[in-house]
Amino acid sequence: MLKDKVIELLEGVLEENESLFLIDFSMTPDHKIKIVIDGDHGVTVQDCMTVSRAIENNIDRDEEDFALEVASAGAASPLKLPRQYRKNLGRTIEVKLQGQEEELEGQLTEATEDDITLEWKAREPKPVGKGKVTVQKKQQIAISEIKEAKVVLKF
C-alpha cells in the first residue's frame with residue numbers, strides 16, 4: 001500500500017518536472033525507500049528536495065513509518081536508459097558489450113530508443129608498406145547488447 005502511494009506521488013512530481021526522469025526505485029520490507037533520478041539538464045539539490053518533499057508531505061508519518069532517500073545518478077553511474085544516452089551526445093563513453101571482454105571507447109554521436117553510434121580514431125597498419133595510419137571508426141550498437149556504459153570523465 002505504501003509502495004503504491006509513493007509510486008503515485010513520484011509519477012506526479014516527475015510529470016510536473018518534465019526534464020527529470022526516474023532511473024531506479026527500490027523499497028525494502030522495512031520501508032527504506034531509495035529513488036534515483038536524472039535530468040535532461042542534470043539534477044540539482046533543489047530537484048532532489050522537490051521530489052523528496054512531494055512524497056514526504058503527502059504521507060502521514062503517524063500511519064506509515066519510512067525512510068526516504070532521493071539521489072541523482074552520479075557522474076560515474078552507468079547509463080541505463082535511452083534518454084541518458086541522448087543527454088550525453090557528444091561526450092566520450094566507454095561501452096562493455098554482452099559476452100565480450102573488450103571495451104569500446106568513443107564519442108557518442110547518435111542515440112535512439114534502440115541503439116547508439118560511437119565514433120573514434122584508431123591506428124591501423126597501412127594497407128601497403130610499413131607503418132600505421134590513423135583511421136576514423138564508427139560503430140552502431142544496439143542498446144540491448146550493452147552490458148554497461150559509462151561517461152568517461154576527463155580532468
# chains A, B, ... in the order shown; residues from 1 in each chain; ligands from 1
>>> residues_around(residues="Gly12 of chain A", least_positions_apart="3", cutoff="12 Å", atoms="only C-alpha atoms", output="MDAnalysis selection string")
chainID A and resid 5:9 15:18 20:22 50:51 54:55 58
>>> closest_atom_pairs(of="segment 23-102 of chain A", to="segment 117-130 of chain A", cutoff="12 Å", atoms="only C-alpha atoms", output="tab-separated table")
residue	atom	partner	partner_atom	distance
A:Tyr85	CA	A:Thr117	CA	10.1
A:Arg86	CA	A:Thr117	CA	10.9
A:Asn88	CA	A:Leu118	CA	11.8
A:Leu89	CA	A:Thr117	CA	9.7
A:Gly90	CA	A:Leu118	CA	9.6
A:Arg91	CA	A:Leu118	CA	9.9
A:Thr92	CA	A:Leu118	CA	8.6
A:Ile93	CA	A:Leu118	CA	8.3
A:Glu94	CA	A:Leu118	CA	9.5
A:Val95	CA	A:Leu118	CA	9.3
>>> select_by_dssp(residues="chain A", states="alpha helix (DSSP H)", output="ChimeraX atom specification")
/A:2-16,45-56,82-87
>>> write_last_selection(atoms="C-alpha atoms", output="tab-separated table (two decimals), in the first residue's frame")
chain	number	residue	atom	x	y	z
A	2	LEU	CA	2.80	2.44	0.92
A	3	LYS	CA	4.75	1.46	-2.21
A	4	ASP	CA	1.75	2.22	-4.45
A	5	LYS	CA	1.26	5.61	-2.79
A	6	VAL	CA	4.97	6.50	-3.17
A	7	ILE	CA	4.96	5.48	-6.85
A	8	GLU	CA	1.82	7.54	-7.47
A	9	LEU	CA	3.36	10.62	-5.80
A	10	LEU	CA	6.66	10.08	-7.62
A	11	GLU	CA	4.95	9.85	-11.01
A	12	GLY	CA	3.06	13.05	-10.22
A	13	VAL	CA	6.14	15.08	-9.32
A	14	LEU	CA	8.04	13.78	-12.38
A	15	GLU	CA	5.12	14.79	-14.63
A	16	GLU	CA	5.30	18.31	-13.18
A	45	VAL	CA	19.92	19.58	-4.95
A	46	GLN	CA	16.67	21.53	-5.33
A	47	ASP	CA	15.36	18.87	-7.74
A	48	CYS	CA	16.06	16.14	-5.17
A	49	MET	CA	14.39	18.22	-2.46
A	50	THR	CA	11.32	18.80	-4.66
A	51	VAL	CA	10.89	15.06	-5.24
A	52	SER	CA	11.51	14.25	-1.58
A	53	ARG	CA	9.04	16.86	-0.32
A	54	ALA	CA	6.36	15.79	-2.80
A	55	ILE	CA	6.46	12.34	-1.25
A	56	GLU	CA	7.09	13.15	2.42
A	82	PRO	CA	17.96	5.74	-23.94
A	83	ARG	CA	17.17	9.19	-22.54
A	84	GLN	CA	20.51	9.17	-20.67
A	85	TYR	CA	22.38	8.38	-23.88
A	86	ARG	CA	20.65	11.28	-25.68
A	87	LYS	CA	21.56	13.57	-22.77
>>> select_by_dssp(residues="segment 49-123 of chain A", states="strand (DSSP E)", output="NGL selection string")
:A and (67-72 or 92-97 or 103-111 or 115-123)
>>> atom_distance(atom1="atom CA of Thr134 of chain A", atom2="atom CA of Glu105 of chain A")
15.7 Å
>>> closest_residue(among="A:Met27, A:Ala73, A:Ala67, A:Leu97", to="Asp40 of chain A", atoms="only C-alpha atoms")
A:Ala73
>>> atom_distance(atom1="atom CA of Arg61 of chain A", atom2="atom CA of Asp30 of chain A")
14.2 Å
>>> closest_residue(among="A:Val152, A:Lys147, A:Asn57, A:Ala142", to="Lys80 of chain A", atoms="only C-alpha atoms")
A:Lys147
>>> atom_distance(atom1="atom CA of Thr109 of chain A", atom2="atom CA of Ile146 of chain A")
16.2 Å
>>> closest_residue(among="A:His41, A:Lys150, A:Lys96, A:Lys32", to="Leu68 of chain A", atoms="only C-alpha atoms")
A:Lys32
